[in-house]
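Below is the file protein-v2.txt, which contains compact mmCIF, C-alpha atoms and all ligand atoms.
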# COMPACT_ATOMS: atom_id res chain seq x y z
CA MET A 1 0.00 0.00 0.00
CA ALA A 2 2.88 2.33 0.79
CA ALA A 3 4.37 1.46 -2.60
CA GLU A 4 1.10 2.31 -4.34
CA VAL A 5 0.78 5.68 -2.59
CA LEU A 6 4.38 6.65 -3.29
CA ALA A 7 4.35 5.47 -6.89
CA SER A 8 1.03 7.28 -7.50
CA ALA A 9 2.77 10.44 -6.29
CA GLY A 10 5.43 9.95 -8.95
CA ALA A 11 8.19 8.26 -6.93
CA GLU A 12 10.26 5.44 -8.37
CA VAL A 13 9.49 2.56 -6.00
CA THR A 14 11.04 -0.85 -5.37
CA VAL A 15 9.48 -3.43 -3.02
CA TYR A 16 11.96 -5.88 -1.49
CA GLU A 17 10.42 -9.13 -0.24
CA ARG A 18 12.30 -12.03 1.29
CA MET A 19 9.85 -14.69 0.09
CA PRO A 20 9.50 -15.97 -3.50
CA SER A 21 6.24 -13.97 -3.82
CA VAL A 22 4.63 -11.02 -2.06
CA GLY A 23 1.48 -10.94 0.06
CA ARG A 24 1.66 -14.45 1.46
CA LYS A 25 0.11 -13.50 4.76
CA LEU A 26 -2.62 -11.61 2.94
CA GLN A 27 -3.33 -14.81 1.01
CA LEU A 28 -3.42 -16.84 4.21
CA ALA A 29 -5.69 -14.27 5.85
CA GLY A 30 -8.12 -14.70 2.97
CA ARG A 31 -8.52 -18.41 3.48
CA GLY A 32 -11.34 -18.02 5.95
CA GLY A 33 -12.52 -14.80 4.27
CA LEU A 34 -10.47 -11.64 3.99
CA ASN A 35 -12.03 -9.39 6.61
CA LEU A 36 -10.78 -6.02 5.37
CA THR A 37 -12.48 -3.72 7.86
CA HIS A 38 -15.68 -3.16 9.81
CA THR A 39 -18.77 -0.99 9.43
CA GLU A 40 -19.27 0.05 13.07
CA ALA A 41 -19.24 3.76 14.02
CA LEU A 42 -15.74 5.18 13.73
CA ASP A 43 -15.48 6.16 17.38
CA ARG A 44 -16.23 2.62 18.49
CA PHE A 45 -13.93 1.30 15.77
CA LEU A 46 -11.06 3.42 17.07
CA ASP A 47 -11.60 2.14 20.62
CA ARG A 48 -10.62 -1.34 19.39
CA TYR A 49 -6.99 -0.21 19.42
CA GLY A 50 -7.04 0.37 23.18
CA PRO A 51 -4.04 2.37 24.42
CA ALA A 52 -2.69 2.76 20.85
CA ARG A 53 -5.80 4.67 19.72
CA PRO A 54 -4.31 8.17 20.14
CA ARG A 55 -1.33 7.27 17.95
CA LEU A 56 -3.35 5.56 15.20
CA GLU A 57 -6.40 7.80 15.14
CA ALA A 58 -5.20 10.40 12.63
CA ALA A 59 -4.04 7.72 10.20
CA ILE A 60 -7.33 5.81 10.43
CA ARG A 61 -9.39 8.99 10.08
CA ALA A 62 -7.36 9.96 7.01
CA PHE A 63 -7.64 6.53 5.36
CA GLY A 64 -10.39 4.67 7.17
CA PRO A 65 -12.99 1.98 6.51
CA ALA A 66 -14.79 4.04 3.82
CA GLU A 67 -11.54 4.70 1.93
CA LEU A 68 -10.47 1.07 2.21
CA ARG A 69 -13.80 -0.12 0.82
CA ALA A 70 -13.52 2.33 -2.06
CA TRP A 71 -9.97 1.16 -2.71
CA SER A 72 -11.11 -2.47 -2.85
CA ALA A 73 -13.96 -1.54 -5.22
CA GLY A 74 -11.44 0.32 -7.38
CA LEU A 75 -9.60 -2.96 -7.80
CA GLY A 76 -12.79 -4.68 -8.97
CA GLN A 77 -13.64 -6.11 -5.56
CA ARG A 78 -16.74 -4.38 -4.29
CA ALA A 79 -16.75 -4.60 -0.51
CA VAL A 80 -19.60 -6.61 0.97
CA VAL A 81 -20.81 -6.48 4.55
CA GLY A 82 -21.22 -9.74 6.46
CA THR A 83 -23.80 -10.37 9.15
CA SER A 84 -21.78 -8.90 12.02
CA GLY A 85 -20.72 -5.74 10.19
CA ARG A 86 -17.45 -7.24 8.99
CA VAL A 87 -16.41 -6.15 5.52
CA PHE A 88 -15.06 -8.56 2.87
CA PRO A 89 -14.09 -8.23 -0.77
CA GLU A 90 -16.78 -9.61 -3.06
CA ALA A 91 -14.72 -12.72 -3.83
CA PHE A 92 -14.31 -13.31 -0.07
CA ARG A 93 -10.75 -14.59 -0.61
CA SER A 94 -7.63 -12.52 -1.22
CA THR A 95 -6.44 -13.82 -4.57
CA PRO A 96 -8.51 -11.70 -7.00
CA LEU A 97 -7.81 -8.56 -4.98
CA LEU A 98 -4.09 -9.27 -4.76
CA ARG A 99 -3.90 -10.08 -8.47
CA ALA A 100 -5.62 -6.83 -9.44
CA TRP A 101 -3.44 -4.92 -6.99
CA LEU A 102 -0.22 -6.35 -8.41
CA GLY A 103 -1.49 -5.37 -11.85
CA ARG A 104 -1.96 -1.80 -10.67
CA LEU A 105 1.51 -1.71 -9.09
CA SER A 106 2.98 -2.96 -12.32
CA GLU A 107 1.18 -0.18 -14.24
CA LEU A 108 2.70 2.26 -11.76
CA ASP A 109 6.14 0.79 -12.59
CA VAL A 110 6.69 -0.47 -9.06
CA ALA A 111 9.58 -2.95 -9.19
CA ILE A 112 9.24 -6.03 -6.99
CA ARG A 113 12.38 -7.91 -5.99
CA THR A 114 11.54 -11.22 -4.38
CA ARG A 115 13.96 -13.37 -2.37
CA TRP A 116 15.68 -10.19 -1.25
CA THR A 117 16.11 -10.23 2.52
CA TRP A 118 16.80 -6.97 4.29
CA THR A 119 19.62 -7.56 6.80
CA GLY A 120 20.20 -4.08 8.23
CA TRP A 121 22.23 -1.00 7.39
CA THR A 122 25.78 -0.61 6.11
CA ALA A 123 28.22 1.62 8.00
CA ASN A 124 27.18 4.60 5.88
CA GLY A 125 23.46 4.00 6.35
CA ASP A 126 22.53 2.21 3.10
CA LEU A 127 20.16 -0.76 3.18
CA ARG A 128 21.82 -4.16 3.14
CA PHE A 129 20.21 -7.18 1.50
CA THR A 130 21.08 -10.79 0.84
CA THR A 131 19.98 -11.66 -2.67
CA PRO A 132 19.80 -14.92 -4.63
CA GLU A 133 21.92 -13.70 -7.56
CA ASP A 134 24.50 -11.34 -6.14
CA GLY A 135 24.89 -12.30 -2.48
CA GLU A 136 25.19 -9.20 -0.29
CA VAL A 137 23.96 -6.02 -1.95
CA ALA A 138 23.72 -2.46 -0.62
CA VAL A 139 20.98 -0.10 -1.83
CA GLU A 140 20.83 3.63 -1.29
CA PRO A 141 17.22 4.82 -1.47
CA ASP A 142 16.08 8.42 -0.87
CA VAL A 143 13.45 7.22 1.55
CA VAL A 144 12.46 3.87 3.12
CA VAL A 145 9.18 2.43 4.39
CA LEU A 146 9.68 -0.68 6.50
CA ALA A 147 6.63 -2.98 6.52
CA LEU A 148 8.06 -6.27 7.75
CA GLY A 149 5.07 -7.52 9.72
CA GLY A 150 4.85 -9.29 13.07
CA ALA A 151 6.02 -12.80 13.89
CA SER A 152 2.98 -15.01 13.57
CA TRP A 153 2.83 -17.72 10.90
CA PRO A 154 6.55 -17.30 10.11
CA ARG A 155 6.29 -19.50 7.05
CA THR A 156 4.49 -16.62 5.32
CA GLY A 157 7.70 -14.60 5.64
CA SER A 158 7.04 -12.41 8.66
CA ASP A 159 9.34 -13.96 11.22
CA GLY A 160 10.23 -10.94 13.36
CA GLY A 161 13.86 -11.23 12.28
CA TRP A 162 13.94 -7.44 12.03
CA VAL A 163 13.67 -7.01 15.81
CA ALA A 164 17.41 -7.44 16.37
CA LEU A 165 18.21 -5.10 13.46
CA LEU A 166 16.13 -2.25 14.87
CA ALA A 167 17.04 -2.88 18.50
CA GLY A 168 20.66 -2.86 17.30
CA VAL A 169 20.36 0.79 16.28
CA GLY A 170 18.76 1.74 19.58
CA VAL A 171 15.07 1.54 18.63
CA ASP A 172 12.83 0.47 21.54
CA VAL A 173 11.10 -2.71 20.41
CA GLN A 174 8.59 -4.25 22.80
CA PRO A 175 8.78 -8.08 22.87
CA LEU A 176 6.66 -9.68 20.13
CA GLN A 177 3.89 -11.79 21.63
CA PRO A 178 1.08 -13.81 20.12
CA ALA A 179 -2.23 -11.95 19.85
CA ASN A 180 -5.59 -13.20 18.65
CA VAL A 181 -4.44 -16.61 19.64
CA GLY A 182 -5.89 -19.54 21.53
CA PHE A 183 -5.01 -20.58 25.05
CA THR A 184 -4.06 -23.95 26.41
CA VAL A 185 -6.31 -25.92 28.76
CA ALA A 186 -5.40 -29.35 30.15
CA TRP A 187 -8.55 -31.13 28.99
CA SER A 188 -8.87 -34.84 29.79
CA GLU A 189 -7.93 -37.11 26.90
CA HIS A 190 -11.53 -38.26 26.63
CA PHE A 191 -12.86 -34.70 26.33
CA ALA A 192 -10.13 -33.62 23.90
CA ASP A 193 -10.77 -36.65 21.67
CA HIS A 194 -14.50 -36.08 21.59
CA PHE A 195 -14.73 -32.33 21.38
CA GLY A 196 -11.45 -30.96 19.96
CA GLY A 197 -12.43 -28.76 17.00
CA THR A 198 -16.03 -28.19 18.11
CA PRO A 199 -17.48 -24.67 17.96
CA LEU A 200 -19.16 -23.21 21.02
CA LYS A 201 -21.86 -20.92 19.70
CA ASN A 202 -23.41 -18.15 21.74
CA VAL A 203 -21.36 -18.25 24.92
CA ALA A 204 -20.22 -15.50 27.24
CA VAL A 205 -16.70 -15.60 28.62
CA THR A 206 -15.39 -13.67 31.61
CA ALA A 207 -11.72 -13.03 32.38
CA GLY A 208 -11.25 -10.93 35.52
CA ASP A 209 -13.56 -7.94 35.14
CA ALA A 210 -13.86 -8.23 31.36
CA ALA A 211 -16.64 -10.20 29.67
CA ARG A 212 -17.57 -10.82 26.04
CA LYS A 213 -20.33 -12.71 24.29
CA GLY A 214 -19.86 -14.54 21.01
CA GLU A 215 -18.36 -17.70 19.59
CA ALA A 216 -15.43 -19.79 20.73
CA MET A 217 -13.94 -23.10 19.65
CA VAL A 218 -12.82 -25.99 21.81
CA THR A 219 -9.51 -27.39 20.53
CA ALA A 220 -7.76 -30.57 21.56
CA ARG A 221 -5.32 -28.52 23.60
CA GLY A 222 -7.42 -25.60 24.74
CA ILE A 223 -9.80 -22.93 23.56
CA GLU A 224 -9.73 -20.31 20.80
CA GLY A 225 -12.06 -18.21 18.63
CA GLY A 226 -13.46 -14.69 18.47
CA VAL A 227 -14.66 -14.27 22.02
CA VAL A 228 -11.40 -15.67 23.40
CA TYR A 229 -9.31 -13.44 21.12
CA ALA A 230 -11.33 -10.43 22.24
CA LEU A 231 -10.40 -11.19 25.86
CA GLY A 232 -6.88 -12.19 24.83
CA PRO A 233 -4.91 -9.35 26.42
CA HIS A 234 -6.68 -9.88 29.78
CA ILE A 235 -6.11 -13.63 29.74
CA ARG A 236 -2.53 -13.34 28.48
CA ASP A 237 -1.56 -10.82 31.18
CA ARG A 238 -2.95 -13.01 33.95
CA VAL A 239 -1.29 -16.16 32.62
CA GLN A 240 2.00 -14.30 32.39
CA ARG A 241 1.70 -12.91 35.90
CA ASP A 242 0.34 -15.97 37.71
CA GLY A 243 1.30 -18.93 35.51
CA SER A 244 -2.37 -19.80 34.96
CA THR A 245 -5.77 -18.19 35.27
CA THR A 246 -9.39 -19.25 35.52
CA ILE A 247 -11.86 -17.95 32.96
CA ARG A 248 -15.60 -18.46 33.33
CA LEU A 249 -17.90 -19.67 30.60
CA ASP A 250 -21.61 -18.93 30.57
CA LEU A 251 -23.07 -21.64 28.35
CA ARG A 252 -26.58 -20.09 28.36
CA PRO A 253 -26.04 -16.33 28.47
CA ASP A 254 -29.59 -15.74 27.29
CA LEU A 255 -31.12 -17.51 30.33
CA SER A 256 -31.12 -16.07 33.85
CA ARG A 257 -30.12 -18.25 36.80
CA GLU A 258 -33.75 -18.28 37.93
CA GLU A 259 -35.07 -19.40 34.56
CA LEU A 260 -32.41 -22.10 34.33
CA ARG A 261 -33.21 -23.24 37.85
CA ARG A 262 -36.91 -23.38 37.04
CA ARG A 263 -36.17 -25.58 34.03
CA LEU A 264 -33.76 -27.90 35.85
CA VAL A 265 -36.05 -28.69 38.79
CA THR A 266 -38.35 -30.49 36.38
CA ARG A 267 -35.79 -33.33 36.35
CA ARG A 268 -37.37 -36.73 36.80
CA PRO A 269 -35.49 -39.23 38.99
CA LYS A 270 -34.70 -41.56 36.11
CA ASP A 271 -33.38 -38.81 33.79
CA SER A 272 -29.64 -39.09 33.10
CA ILE A 273 -27.59 -35.96 33.67
CA ALA A 274 -26.83 -35.69 29.94
CA ASN A 275 -30.55 -35.79 29.20
CA VAL A 276 -31.35 -33.10 31.72
CA LEU A 277 -28.63 -30.82 30.43
CA ARG A 278 -29.78 -31.31 26.88
CA ARG A 279 -33.52 -31.22 27.38
CA ALA A 280 -34.03 -28.83 30.27
CA ALA A 281 -30.97 -26.59 29.93
CA GLY A 282 -30.79 -26.80 26.13
CA LEU A 283 -27.05 -27.50 26.08
CA THR A 284 -25.33 -28.84 22.98
CA PRO A 285 -23.16 -31.99 23.22
CA VAL A 286 -20.01 -29.89 23.69
CA GLY A 287 -21.75 -27.85 26.42
CA ILE A 288 -22.76 -31.06 28.18
CA GLY A 289 -19.21 -32.35 27.74
CA LEU A 290 -17.82 -29.20 29.34
CA VAL A 291 -20.13 -29.41 32.36
CA ARG A 292 -19.15 -33.06 32.85
CA GLU A 293 -15.46 -32.36 32.28
CA VAL A 294 -15.37 -29.61 34.90
CA GLY A 295 -18.00 -31.01 37.26
CA GLY A 296 -16.45 -34.48 37.43
CA PRO A 297 -18.29 -37.75 38.11
CA GLY A 298 -20.20 -36.29 41.08
CA ILE A 299 -22.17 -34.15 38.66
CA ALA A 300 -24.63 -36.97 38.01
CA HIS A 301 -26.20 -36.33 41.41
CA ALA A 302 -25.39 -32.65 41.88
CA PRO A 303 -28.04 -30.37 43.37
CA VAL A 304 -29.78 -28.04 40.95
CA ASP A 305 -28.00 -24.93 42.24
CA GLU A 306 -24.63 -26.51 41.56
CA LEU A 307 -25.69 -27.34 38.01
CA VAL A 308 -26.90 -23.79 37.48
CA THR A 309 -23.57 -22.43 38.69
CA LEU A 310 -21.66 -24.76 36.40
CA ILE A 311 -23.73 -23.76 33.39
CA LYS A 312 -23.57 -20.02 34.13
CA HIS A 313 -20.03 -19.75 35.58
CA LEU A 314 -18.13 -22.77 34.33
CA PRO A 315 -14.54 -22.39 35.57
CA VAL A 316 -11.91 -23.29 32.97
CA VAL A 317 -8.27 -23.17 34.01
CA VAL A 318 -6.10 -21.65 31.28
CA THR A 319 -2.52 -22.83 31.59
CA GLY A 320 -0.78 -20.91 28.83
CA THR A 321 -0.89 -19.09 25.54
CA ALA A 322 -0.78 -21.09 22.30
CA GLY A 323 2.37 -20.43 20.28
CA ILE A 324 3.04 -17.38 18.13
CA ASP A 325 3.43 -19.74 15.14
CA ARG A 326 -0.33 -20.06 14.84
CA ALA A 327 -1.39 -16.66 16.18
CA ILE A 328 -3.42 -14.40 13.90
CA SER A 329 -1.42 -11.35 14.89
CA THR A 330 1.39 -10.06 17.04
CA ALA A 331 1.36 -7.73 20.00
CA GLY A 332 4.48 -5.72 20.77
CA GLY A 333 6.81 -4.24 18.19
CA ILE A 334 8.34 -0.83 17.63
CA ALA A 335 7.27 1.43 20.50
CA LEU A 336 4.95 4.13 19.16
CA ASP A 337 7.07 6.81 20.81
CA GLU A 338 9.88 5.82 18.46
CA VAL A 339 7.97 7.25 15.47
CA ASP A 340 6.69 10.75 14.86
CA ASP A 341 3.20 11.66 13.64
CA ARG A 342 4.16 10.64 10.12
CA PHE A 343 5.44 7.23 11.28
CA MET A 344 9.06 8.21 10.69
CA LEU A 345 11.62 6.68 13.03
CA ARG A 346 12.93 9.49 15.23
CA ARG A 347 16.33 7.80 15.32
CA ARG A 348 16.55 7.33 11.56
CA PRO A 349 15.14 10.29 9.66
CA GLY A 350 13.94 9.16 6.23
CA THR A 351 12.94 5.68 7.46
CA PHE A 352 9.22 5.16 8.01
CA VAL A 353 7.41 2.20 9.56
CA ALA A 354 3.95 0.74 8.87
CA GLY A 355 1.75 -2.19 9.79
CA GLU A 356 2.05 -4.88 12.35
CA MET A 357 5.67 -4.18 13.20
CA LEU A 358 4.44 -1.21 15.23
CA ASP A 359 3.38 -1.78 18.83
CA TRP A 360 -0.42 -1.87 18.64
CA GLU A 361 -2.89 -4.68 18.85
CA ALA A 362 -6.56 -5.13 18.06
CA PRO A 363 -9.11 -7.93 18.00
CA THR A 364 -10.18 -9.76 14.84
CA GLY A 365 -12.97 -8.11 12.86
CA GLY A 366 -10.98 -6.27 10.18
CA TYR A 367 -9.11 -4.02 12.61
CA LEU A 368 -5.71 -5.56 11.86
CA LEU A 369 -5.76 -4.98 8.12
CA GLN A 370 -7.40 -1.58 8.51
CA ALA A 371 -4.63 -0.29 10.79
CA THR A 372 -2.03 -1.89 8.55
CA PHE A 373 -3.39 -0.14 5.46
CA SER A 374 -3.97 3.15 7.31
CA THR A 375 -0.46 3.30 8.74
CA ALA A 376 0.97 2.35 5.33
CA VAL A 377 -0.87 5.25 3.69
CA ALA A 378 0.22 7.63 6.47
CA ALA A 379 3.85 6.47 6.33
CA ALA A 380 3.89 6.78 2.53
CA ARG A 381 2.42 10.29 2.66
CA GLY A 382 5.05 11.15 5.26
CA ALA A 383 7.75 9.68 3.02
CA ARG A 384 6.45 11.69 0.05
CA ASP A 385 6.58 14.90 2.11
CA TRP A 386 10.08 13.96 3.21
CA LEU A 387 11.15 13.60 -0.43
CA ASP A 388 9.57 16.95 -1.30
CA ARG A 389 11.05 18.87 1.62
C1 LIG B 401 -4.46 -16.90 9.61
C2 LIG B 401 -4.57 -15.40 9.60
C3 LIG B 401 -5.79 -14.81 9.27
C4 LIG B 401 -5.90 -13.42 9.29
N1 LIG B 401 -7.10 -12.86 8.93
C5 LIG B 401 -7.25 -11.51 8.99
C6 LIG B 401 -8.47 -10.89 8.60
O1 LIG B 401 -9.40 -11.55 8.10
N2 LIG B 401 -8.59 -9.54 8.78
C7 LIG B 401 -7.57 -8.78 9.29
O2 LIG B 401 -7.75 -7.57 9.47
N3 LIG B 401 -6.37 -9.33 9.56
C8 LIG B 401 -6.18 -10.67 9.43
N4 LIG B 401 -4.98 -11.23 9.72
C9 LIG B 401 -3.86 -10.33 10.11
C10 LIG B 401 -3.25 -9.63 8.89
O3 LIG B 401 -2.97 -10.58 7.89
C11 LIG B 401 -1.96 -8.91 9.31
O4 LIG B 401 -2.25 -8.04 10.37
C12 LIG B 401 -1.37 -8.11 8.14
O5 LIG B 401 -1.02 -8.98 7.09
C13 LIG B 401 -0.13 -7.33 8.58
O6 LIG B 401 0.42 -6.70 7.47
P1 LIG B 401 1.92 -6.23 7.42
O7 LIG B 401 2.12 -5.65 6.06
O8 LIG B 401 2.23 -5.40 8.60
O9 LIG B 401 2.78 -7.57 7.55
P2 LIG B 401 2.78 -8.89 6.66
O10 LIG B 401 1.51 -9.06 5.93
O11 LIG B 401 3.22 -9.95 7.59
O12 LIG B 401 3.91 -8.60 5.58
C14 LIG B 401 5.25 -8.43 5.92
C15 LIG B 401 6.10 -8.86 4.75
O13 LIG B 401 7.46 -8.51 5.03
C16 LIG B 401 8.29 -9.56 4.58
N5 LIG B 401 9.55 -9.52 5.33
C17 LIG B 401 9.71 -9.71 6.66
N6 LIG B 401 11.01 -9.57 6.99
C18 LIG B 401 11.67 -9.25 5.85
C19 LIG B 401 13.04 -8.96 5.54
N7 LIG B 401 13.99 -8.95 6.49
N8 LIG B 401 13.38 -8.67 4.26
C20 LIG B 401 12.41 -8.66 3.26
N9 LIG B 401 11.12 -8.94 3.50
C21 LIG B 401 10.74 -9.22 4.77
C22 LIG B 401 7.49 -10.81 4.85
O14 LIG B 401 7.93 -11.90 4.06
C23 LIG B 401 6.07 -10.36 4.52
O15 LIG B 401 5.73 -10.62 3.18
C24 LIG B 401 -4.80 -12.61 9.66
C25 LIG B 401 -3.58 -13.21 9.96
C26 LIG B 401 -3.46 -14.59 9.94
C27 LIG B 401 -2.13 -15.22 10.26
Please lay out the structure from this file as structure tokens.
Amino acid sequence: MAAEVLASAGAEVTVYERMPSVGRKLQLAGRGGLNLTHTEALDRFLDRYGPARPRLEAAIRAFGPAELRAWSAGLGQRAVVGTSGRVFPEAFRSTPLLRAWLGRLSELDVAIRTRWTWTGWTANGDLRFTTPEDGEVAVEPDVVVLALGGASWPRTGSDGGWVALLAGVGVDVQPLQPANVGFTVAWSEHFADHFGGTPLKNVAVTAGDAARKGEAMVTARGIEGGVVYALGPHIRDRVQRDGSTTIRLDLRPDLSREELRRRLVTRRPKDSIANVLRRAAGLTPVGIGLVREVGGPGIAHAPVDELVTLIKHLPVVVTGTAGIDRAISTAGGIALDEVDDRFMLRRRPGTFVAGEMLDWEAPTGGYLLQATFSTAVAAARGARDWLDR
């Protein structure tokens, strides 16, 4: 995106990419539907960036959801709105959008050098690369936009290898951590075998004082999915501080305790516990499995109040964060104080930074790509002004 903005302004642009092709993470992101942005009111949208909001706000206001949708439409991919306000390109996947985009970059004479890995700066400040044909090569651009990504899914190319290069020149880089990632839970083998990979629809999850309603997914080794990602920073901080933490699941958020109690007292003596949970409480098989997993064998004869508490406040002990390798995004990165309002590194005038390598995080819902595109546009506009100064 930075290349497009700069080339459109008349600059001669080269993109250097370490992988054999560009946009691999964008392709991966499109597998389950490329969620470009979101339609919610901008003020609420901006709140999704938590403490980073003040530093991202101007960039997102300047190139926000409306501009991103128009950009996608301009590439032949009209943006469509999904049920929850999430915005996708018409084709849902990334490939048609990426293909059209590469076509546009080619028309703008943007050169793309693949298999070029940036390895830092030479003594006189030029960019250093390892290249397939010529080994080590130094390049002396007028201006640089770094957009090297976070460290999740390293096989797409973003492996966080840049951290040492920037820290080496004194830039404050906050440790990269998995974000929008699942958490580990020591399920019994029986439960993991039966329910690993099962969605949990319409649940509410509480972590400390924070609660969210939505969907989650039981995995063989833990729990993941939208509602868990949304609470991710709360859960992650507690796990880091205490080694583990207990989250609470409400398996029937739409029913009050009283209503649930009223339904459960209708239990007939010969009803099995699974039957009661299914029929009276309306739990799905995975919900029943969870109550049995946490409640233990004694659950078969548990008093109604205990069942109600398990259904409404099911304690699940989270023992750790799933690895960064499978995280959707990365928290941490270049401290926002290290860049000025135009996303230029204060320590390296003429070098701008965009995207996930900056220290902000956001939940899933289109907020990651939106901030990536917005900061790229802002950094490129800053770079253009720098060239024109
Ligand atoms: C499975 C998955 C699904 C996702 N789905 C969505 C979604 O639906 N909506 C959403 O908003 N976000 C989604 N995301 C997140 C989104 O893809 C990222 O936030 C976004 O791609 C970040 O863009 P970026 O340009 O900062 O970094 P990246 O897209 O990671 O690009 C960085 C590029 O830099 C290259 N590079 C790194 N180091 C070097 C080097 N030293 N030299 C040369 N090149 C280098 C990498 O190879 C890579 O191509 C998803 C992510 C994953 C993993």
Q.
Using only C-alpha atoms and all ligand atoms, can you tell me which of A:Met217, A:Ala151, A:Ala111, A:Ala322 comes closest to ligand LIG 401 (chain B)?
A.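 Answer, going by the shortest atom-to-atom distance: A:Ala151.
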Which segment 267-368 of chain A residues have any atom within 6 Å of an atom of segment 229-251 of chain A, and for each, what is the nearest pair of atoms with distance in Å to one decimal, counting all atoms listed in the file, rows sorted by chain and number, as JSON lines?
{"residue": "A:Ile311", "atom": "CA", "partner": "A:Leu251", "partner_atom": "CA", "distance": 5.5}
{"residue": "A:Lys312", "atom": "CA", "partner": "A:Asp250", "partner_atom": "CA", "distance": 4.2}
{"residue": "A:His313", "atom": "CA", "partner": "A:Arg248", "partner_atom": "CA", "distance": 5.1}
{"residue": "A:Leu314", "atom": "CA", "partner": "A:Leu249", "partner_atom": "CA", "distance": 4.9}
{"residue": "A:Pro315", "atom": "CA", "partner": "A:Arg248", "partner_atom": "CA", "distance": 4.6}
{"residue": "A:Val316", "atom": "CA", "partner": "A:Ile247", "partner_atom": "CA", "distance": 5.3}
{"residue": "A:Val317", "atom": "CA", "partner": "A:Thr246", "partner_atom": "CA", "distance": 4.3}
{"residue": "A:Val318", "atom": "CA", "partner": "A:Thr245", "partner_atom": "CA", "distance": 5.3}
{"residue": "A:Thr319", "atom": "CA", "partner": "A:Ser244", "partner_atom": "CA", "distance": 4.5}
{"residue": "A:Pro363", "atom": "CA", "partner": "A:Ala230", "partner_atom": "CA", "distance": 5.4}
Would you put the residues from that selection into a file with C-alpha atoms, as a short mmCIF file (atom, residue, chain, number, x, y, z; two decimals), in the frame of the given file?
data_model
loop_
_atom_site.label_atom_id
_atom_site.label_comp_id
_atom_site.auth_asym_id
_atom_site.auth_seq_id
_atom_site.Cartn_x
_atom_site.Cartn_y
_atom_site.Cartn_z
CA ILE A 311 -23.73 -23.76 33.39
CA LYS A 312 -23.57 -20.02 34.13
CA HIS A 313 -20.03 -19.75 35.58
CA LEU A 314 -18.13 -22.77 34.33
CA PRO A 315 -14.54 -22.39 35.57
CA VAL A 316 -11.91 -23.29 32.97
CA VAL A 317 -8.27 -23.17 34.01
CA VAL A 318 -6.10 -21.65 31.28
CA THR A 319 -2.52 -22.83 31.59
CA PRO A 363 -9.11 -7.93 18.00
#
The distance between atom CA of Ala379 of chain A and atom CA of Thr351 of chain A is 9.2 Å
Fewer than 5 positions away in the same chain doesn't count, so skip those; otherwise give me all residues within 8 Å of Gln174 of chain A, counting only C-alpha atoms, as a count of residues only. 5
Could you pull the residues within 12 Å of segment 256-273 of chain A, counting all atoms listed in the file, minus those fewer than 5 positions along the same chain, as number ranges by chain? A: 250-251, 278-283, 288-289, 291-292, 295-313
What separates atom CA of Val145 of chain A and atom CA of Ala3 of chain A is a distance of 8.5 Å
re atom CA of Gly168 of chain A and atom CA of Trp360 of chain A: distance 21.1 Å
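Closest approach to Val144 of chain A from the set A:Pro178, A:Gly287, A:Gly125, A:Gly85 is made by A:Gly125, with distances taken over all atoms listed in the file.
The residue that comes closest to Leu387 of chain A, out of A:Ala179, A:Val110, A:Ala62, A:Val143 and on the basis of all atoms listed in the file, is A:Val143.
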The residue from A:Gly30, A:Gly170, A:Pro65, A:Gly225 with the smallest atom-to-atom distance to Arg348 of chain A, counting all atoms listed in the file, is A:Gly170
Only N, CA and C atoms needed: put segment 38-46 of chain A from the block into a file as a PDB file, in the first residue's frame.
ATOM      1  N   HIS A  38     -14.412  -2.973   9.106  1.00  0.00           N
ATOM      2  CA  HIS A  38     -15.681  -3.161   9.814  1.00  0.00           C
ATOM      3  C   HIS A  38     -16.549  -1.920   9.613  1.00  0.00           C
ATOM      4  N   THR A  39     -17.874  -2.120   9.703  1.00  0.00           N
ATOM      5  CA  THR A  39     -18.772  -0.988   9.427  1.00  0.00           C
ATOM      6  C   THR A  39     -19.188  -0.208  10.676  1.00  0.00           C
ATOM      7  N   GLU A  40     -18.751  -0.619  11.862  1.00  0.00           N
ATOM      8  CA  GLU A  40     -19.270   0.052  13.065  1.00  0.00           C
ATOM      9  C   GLU A  40     -18.848   1.527  13.090  1.00  0.00           C
ATOM     10  N   ALA A  41     -19.517   2.320  13.936  1.00  0.00           N
ATOM     11  CA  ALA A  41     -19.238   3.759  14.021  1.00  0.00           C
ATOM     12  C   ALA A  41     -17.745   3.975  14.308  1.00  0.00           C
ATOM     13  N   LEU A  42     -17.195   5.010  13.680  1.00  0.00           N
ATOM     14  CA  LEU A  42     -15.742   5.176  13.727  1.00  0.00           C
ATOM     15  C   LEU A  42     -15.198   5.317  15.161  1.00  0.00           C
ATOM     16  N   ASP A  43     -15.973   5.963  16.017  1.00  0.00           N
ATOM     17  CA  ASP A  43     -15.481   6.156  17.382  1.00  0.00           C
ATOM     18  C   ASP A  43     -15.318   4.814  18.102  1.00  0.00           C
ATOM     19  N   ARG A  44     -16.293   3.962  17.903  1.00  0.00           N
ATOM     20  CA  ARG A  44     -16.227   2.620  18.491  1.00  0.00           C
ATOM     21  C   ARG A  44     -15.096   1.825  17.839  1.00  0.00           C
ATOM     22  N   PHE A  45     -14.985   1.969  16.532  1.00  0.00           N
ATOM     23  CA  PHE A  45     -13.931   1.303  15.767  1.00  0.00           C
ATOM     24  C   PHE A  45     -12.566   1.657  16.358  1.00  0.00           C
ATOM     25  N   LEU A  46     -12.362   2.952  16.584  1.00  0.00           N
ATOM     26  CA  LEU A  46     -11.056   3.417  17.074  1.00  0.00           C
ATOM     27  C   LEU A  46     -10.750   2.878  18.473  1.00  0.00           C
TER      28      LEU A  46
END
